[in-house]
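Accompanying notes for the structure given below.
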Amino acid sequence: MTSARSVHIAGGLSAALAALLIGLTPPSSAAAAPTAPAAPTAAVVHEAESATVSQGVVESNHTGFTGGGFVNYHNTTGGYVEWKVDAAAAGTGTLTLRYANGSTANRPMDITVNGTPVADDKAFAPTGAWTGWSTTSLTAALRAGTNTVRATATTAVGGPNVDHLAVDTATTPPPATGTPAAVNGQLTVCGTKLCNRHGKPIQLRGMSSHGTQWYAQCLTTGSLDALAKDWNADVLRVSTYVQEGGYETDPRKYTELASGLIDQATARGMYVIVDWHMLDPGDPYANLARAKTFFTEITQRHGTKTNLLYEIANEPSGVAWSRIRAYAEELIPVIRAKDPEAPVLVGTRAWSSFGVSEGGSEAEVVADPVKAANIMYTFHFYAYSHRDAYLNTLSRAADRLPVFVTEFGTQNYAGEGSDDFAMSQRYLDLMAAKKISWVNWNYSDDGRSGAVFKPGTCANNGPWTGTTSLKPAGVWIRDRIRTADDFPTS
């Protein structure tokens, strides 16, 4: 629970791998009642020659194209064609690219929407001749308004000749039923518990991402399908680091990454914790202006969803509880302006330990709580390092305050070293008995023992299901996430 935990193994990750993959399942309001799909409409064609072109040229020397020509990519990596695409409402669109590849080899491209990949190295196979036009389709989450679609060549021979992009935005099916978010709907804090739309206390169980600046390649269509369907997770924590190469270096990029992941989790019926992962400096006020900008945009885009929770300060440290409380009271109204109903999760002193790691206790929060409704306080623990004093603090706090364990591990405070499954089980038993929701750190293939996947799993794109790619901590936590709460409805 110190900054040491955030040290990462970059392993030469490219910028392309650091992009978050959009799932192919359509996003929807997680708890909304099913509605009929929109009536079919004709796809809108966007010609390549009218788009933004980098490292390519518009030509018309091969017959069979539509419009006024096509784009011939230069023979180099990184050339792209970029279109601006309008959607009347958020939902899933079908993207169809018309192309010709007169060579004898595949000319793959990365396809991104709003800076977030939809397909990595998507194949554009030979079509027999440069006059032999073909199409390939994929689906992607589109937001309401203007979207940016880009097709980028990934090899030294460049991309195929691209004729146009056709976009059909009227393909959104009804939301999934029977998922955690569909069953429980809008959550609210009732007393010291997290309650569903039926007013019943529930316990959510799930996983946290690692920092998306390092391990977004672990968040793919396949891995998130596995988390929702094989692990049976209820919640995904989206960790947007502020420093350490994160949000402060490129606010647009990391806002898009978080937004895309929110859509993916929503489409799979999971809840999402939007984690503002401030760590060093430990004073949340150091990033107040950035936090206001980030949460304003996230709530503008997603505030109508019923499956979000907002964690506004990951692990404050080195500051008094009164300062953390004042920060929360200044930031919460920013969130409430666009999302008045979602629970807000407030970090506690000393790396979200209720002050224990700096000699304090939960008593300071009990005596001086945040002046806001529908909030919970966060607690983090690492079982090998944090023994009975921490366990007893969590137990006492949960009797007086609404608590959400938004991060824990079975190892030491740096998320590494030996696993202490016995101590971890004591924590899980307590949290089950008191309906304390929890999220484990972390869903990546970081070299530490606390990352659930073996190194190389993400680069190899799995396998994601089952246990063959999991470290011991991954096998252990997957088994416990799969035994979900029964989610009472009456």
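Lettering and numbering for the structure tokens are positional, with chains as A, B, ... in the shown order, residues counted from 1 in each chain, and ligands counted from 1 in the shown order.
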
Checklist entry - Among range 188-388 of chain A, which residues carry a DSSP assignment of strand (DSSP E), reported as a PyMOL selection string? => result chain A and resi 188-190+193-195+205-208+235-241+271-277+308-311+344-346+375-382

Could you list, as a PDB file with all heavy atoms, in the first residue's frame, every residue within 7 Å of Thr96 in chain A, counting only C-alpha atoms and ignoring same-chain residues fewer than 6 positions away?
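File produced: around.pdb:
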ATOM      1  N   THR A 135     -15.103  -6.463 -48.749  1.00  0.00           N
ATOM      2  CA  THR A 135     -15.483  -5.759 -47.518  1.00  0.00           C
ATOM      3  C   THR A 135     -15.182  -6.616 -46.298  1.00  0.00           C
ATOM      4  O   THR A 135     -15.150  -7.844 -46.376  1.00  0.00           O
ATOM      5  CB  THR A 135     -16.984  -5.395 -47.505  1.00  0.00           C
ATOM      6  OG1 THR A 135     -17.762  -6.597 -47.582  1.00  0.00           O
ATOM      7  CG2 THR A 135     -17.331  -4.468 -48.654  1.00  0.00           C
ATOM      8  N   THR A 136     -14.969  -5.963 -45.196  1.00  0.00           N
ATOM      9  CA  THR A 136     -14.820  -6.636 -43.911  1.00  0.00           C
ATOM     10  C   THR A 136     -15.522  -5.793 -42.861  1.00  0.00           C
ATOM     11  O   THR A 136     -15.485  -4.561 -42.919  1.00  0.00           O
ATOM     12  CB  THR A 136     -13.341  -6.843 -43.541  1.00  0.00           C
ATOM     13  OG1 THR A 136     -13.257  -7.582 -42.307  1.00  0.00           O
ATOM     14  CG2 THR A 136     -12.596  -5.527 -43.382  1.00  0.00           C
ATOM     15  N   SER A 137     -16.200  -6.444 -41.919  1.00  0.00           N
ATOM     16  CA  SER A 137     -17.034  -5.726 -40.947  1.00  0.00           C
ATOM     17  C   SER A 137     -16.646  -6.081 -39.521  1.00  0.00           C
ATOM     18  O   SER A 137     -16.124  -7.166 -39.243  1.00  0.00           O
ATOM     19  CB  SER A 137     -18.515  -6.047 -41.171  1.00  0.00           C
ATOM     20  OG  SER A 137     -18.944  -5.615 -42.441  1.00  0.00           O
ATOM     21  N   LEU A 138     -16.933  -5.176 -38.625  1.00  0.00           N
ATOM     22  CA  LEU A 138     -16.782  -5.393 -37.197  1.00  0.00           C
ATOM     23  C   LEU A 138     -17.758  -4.474 -36.485  1.00  0.00           C
ATOM     24  O   LEU A 138     -18.311  -3.557 -37.092  1.00  0.00           O
ATOM     25  CB  LEU A 138     -15.356  -5.099 -36.745  1.00  0.00           C
ATOM     26  CG  LEU A 138     -14.784  -3.708 -36.998  1.00  0.00           C
ATOM     27  CD1 LEU A 138     -13.653  -3.434 -36.008  1.00  0.00           C
ATOM     28  CD2 LEU A 138     -14.209  -3.620 -38.413  1.00  0.00           C
ATOM     29  N   LEU A 165     -15.677   3.703 -45.810  1.00  0.00           N
ATOM     30  CA  LEU A 165     -16.180   3.152 -44.559  1.00  0.00           C
ATOM     31  C   LEU A 165     -17.685   3.337 -44.538  1.00  0.00           C
ATOM     32  O   LEU A 165     -18.176   4.453 -44.702  1.00  0.00           O
ATOM     33  CB  LEU A 165     -15.555   3.875 -43.360  1.00  0.00           C
ATOM     34  CG  LEU A 165     -16.176   3.586 -41.982  1.00  0.00           C
ATOM     35  CD1 LEU A 165     -15.834   2.174 -41.527  1.00  0.00           C
ATOM     36  CD2 LEU A 165     -15.701   4.616 -40.952  1.00  0.00           C
ATOM     37  N   ALA A 166     -18.420   2.247 -44.352  1.00  0.00           N
ATOM     38  CA  ALA A 166     -19.873   2.318 -44.199  1.00  0.00           C
ATOM     39  C   ALA A 166     -20.216   2.052 -42.739  1.00  0.00           C
ATOM     40  O   ALA A 166     -19.700   1.112 -42.133  1.00  0.00           O
ATOM     41  CB  ALA A 166     -20.561   1.308 -45.107  1.00  0.00           C
ATOM     42  N   VAL A 167     -21.073   2.890 -42.162  1.00  0.00           N
ATOM     43  CA  VAL A 167     -21.405   2.795 -40.744  1.00  0.00           C
ATOM     44  C   VAL A 167     -22.903   2.652 -40.577  1.00  0.00           C
ATOM     45  O   VAL A 167     -23.675   3.491 -41.041  1.00  0.00           O
ATOM     46  CB  VAL A 167     -20.911   4.031 -39.967  1.00  0.00           C
ATOM     47  CG1 VAL A 167     -21.231   3.894 -38.490  1.00  0.00           C
ATOM     48  CG2 VAL A 167     -19.420   4.227 -40.187  1.00  0.00           C
TER      49      VAL A 167
END

Item to check | Atom-to-atom span, CA of Val242 in chain A and CA of Glu256 in chain A, Å | outcome: 14.0 Å

Please identify all polymer residues within 8 Å of range 387-395 of chain A, counting only C-alpha atoms, omitting same-chain residues fewer than 2 positions from it, and present them as an mmCIF file with C-alpha atoms, in the first residue's frame.
data_model
loop_
_atom_site.group_PDB
_atom_site.id
_atom_site.type_symbol
_atom_site.label_atom_id
_atom_site.label_comp_id
_atom_site.auth_asym_id
_atom_site.auth_seq_id
_atom_site.Cartn_x
_atom_site.Cartn_y
_atom_site.Cartn_z
ATOM 1 C CA SER A 353 -6.474 2.105 5.854
ATOM 2 C CA PHE A 354 -8.737 4.306 8.011
ATOM 3 C CA VAL A 356 -4.053 2.565 10.738
ATOM 4 C CA SER A 361 -8.146 4.521 13.393
ATOM 5 C CA GLU A 362 -11.641 4.674 11.980
ATOM 6 C CA PHE A 379 -10.394 0.313 2.876
ATOM 7 C CA PHE A 381 -5.410 -4.357 2.712
ATOM 8 C CA ALA A 383 -3.073 -9.912 3.772
ATOM 9 C CA TYR A 384 0.592 -10.916 4.189
ATOM 10 C CA SER A 385 1.473 -7.468 5.587
ATOM 11 C CA ALA A 397 -15.542 0.435 10.858
ATOM 12 C CA ALA A 398 -18.128 -1.626 8.990
ATOM 13 C CA ASP A 399 -20.375 -1.564 12.059
ATOM 14 C CA MET A 423 -5.205 -14.573 6.355
ATOM 15 C CA TYR A 427 -10.799 -11.133 5.587
ATOM 16 C CA LEU A 430 -15.568 -11.127 7.594
#

Range 427-464 of chain A residues near range 204-213 of chain A within 10 Å, closest pair each, using only C-alpha atoms, as a tab-separated table:
residue	atom	partner	partner_atom	distance
A:Ala432	CA	A:Leu204	CA	9.9
A:Lys435	CA	A:Leu204	CA	8.5
A:Ile436	CA	A:Leu204	CA	7.8
A:Ser437	CA	A:Leu204	CA	4.6
A:Trp438	CA	A:Arg205	CA	5.2
A:Val439	CA	A:Gly206	CA	4.8
A:Asn440	CA	A:Met207	CA	4.8
A:Trp441	CA	A:Ser208	CA	5.3
A:Asn442	CA	A:Ser208	CA	5.1
A:Tyr443	CA	A:Ser209	CA	5.0
A:Ser444	CA	A:His210	CA	6.2
A:Asp445	CA	A:His210	CA	9.2
A:Asp446	CA	A:His210	CA	8.4
A:Ala451	CA	A:His210	CA	8.4
A:Val452	CA	A:Met207	CA	9.7

Item to check | Shell around Thr293 in chain A at 10 Å using only C-alpha atoms, local window under 5 positions removed, as a ChimeraX atom specification | outcome: /A:251,255,288,298,334

Just all heavy atoms for this one: save the residues we selected as a JSON list (two decimals), in the first residue's frame.
[["chain", "number", "residue", "atom", "x", "y", "z"],
["A", 251, "PRO", "N", -4.44, 13.84, -20.86],
["A", 251, "PRO", "CA", -5.81, 13.71, -20.35],
["A", 251, "PRO", "C", -6.79, 13.15, -21.36],
["A", 251, "PRO", "O", -7.67, 12.36, -21.00],
["A", 251, "PRO", "CB", -6.16, 15.15, -19.95],
["A", 251, "PRO", "CG", -4.84, 15.78, -19.63],
["A", 251, "PRO", "CD", -3.88, 15.18, -20.62],
["A", 255, "THR", "N", -8.81, 9.68, -20.59],
["A", 255, "THR", "CA", -10.26, 9.79, -20.46],
["A", 255, "THR", "C", -10.95, 8.86, -21.45],
["A", 255, "THR", "O", -11.93, 8.18, -21.10],
["A", 255, "THR", "CB", -10.71, 11.24, -20.70],
["A", 255, "THR", "OG1", -10.06, 12.09, -19.75],
["A", 255, "THR", "CG2", -12.22, 11.38, -20.54],
["A", 288, "LEU", "N", -6.74, 18.25, -7.61],
["A", 288, "LEU", "CA", -8.16, 18.61, -7.56],
["A", 288, "LEU", "C", -8.66, 19.12, -8.91],
["A", 288, "LEU", "O", -9.72, 18.70, -9.38],
["A", 288, "LEU", "CB", -8.40, 19.66, -6.49],
["A", 288, "LEU", "CG", -9.84, 20.18, -6.40],
["A", 288, "LEU", "CD1", -10.79, 19.06, -6.03],
["A", 288, "LEU", "CD2", -9.93, 21.32, -5.39],
["A", 298, "ILE", "N", -16.46, 12.38, -17.53],
["A", 298, "ILE", "CA", -16.97, 11.01, -17.36],
["A", 298, "ILE", "C", -18.46, 11.02, -17.02],
["A", 298, "ILE", "O", -19.25, 10.23, -17.56],
["A", 298, "ILE", "CB", -16.17, 10.26, -16.28],
["A", 298, "ILE", "CG1", -14.74, 9.97, -16.79],
["A", 298, "ILE", "CG2", -16.86, 8.96, -15.89],
["A", 298, "ILE", "CD1", -14.65, 9.03, -17.96],
["A", 334, "VAL", "N", -19.39, 18.04, -8.04],
["A", 334, "VAL", "CA", -19.07, 17.98, -9.45],
["A", 334, "VAL", "C", -19.68, 16.72, -10.07],
["A", 334, "VAL", "O", -20.25, 16.74, -11.17],
["A", 334, "VAL", "CB", -17.54, 18.00, -9.66],
["A", 334, "VAL", "CG1", -17.19, 17.77, -11.13],
["A", 334, "VAL", "CG2", -16.95, 19.32, -9.16]]

Checklist entry - Using only C-alpha atoms, which residues sit within 10 Å of range 84-90 of chain A once same-chain residues fewer than 3 positions away are excluded, as a PyMOL selection string? => result chain A and resi 26-28+44-46+51-52+93+113-114+141-150+165-170+172+263+301

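The closest residue to Gly409 in chain A, picked from A:Asn374, A:Ser424, A:Gln203, A:Thr77 and counting only C-alpha atoms, is A:Ser424.
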
Next on the checklist: Residues of range 301-366 of chain A classed as alpha helix (DSSP H) by DSSP on the backbone are to be reported as a PyMOL selection string.
Outcome noted: chain A and resi 301-302+321-336+349-352+363-366

Item to check | Nearest-residue call for Asp486 in chain A, choices A:Thr296, A:Ile202, A:Lys371, A:Gly450, using only C-alpha atoms | outcome: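 The answer is A:Ile202, which sits nearest to Asp486 in chain A.
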
Next on the checklist: When you look at Asp283 in chain A with a cut-off of 9 Å (counting only C-alpha atoms), what residues show up, excluding the ones that are within fewer than 4 positions of it in the same chain? I need them as a list in words.
Outcome noted: Met278, Leu279, Asn287, Pro316, Ser317, Gly318, Val319, Arg323 and Ile324 of chain A

Item to check | Counting only C-alpha atoms, the option among A:Tyr413, A:Thr221, A:Pro488, A:Phe404 closest to Gly462 in chain A | outcome: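 Residue with the minimum atom-to-atom distance to Gly462 in chain A: A:Thr221.
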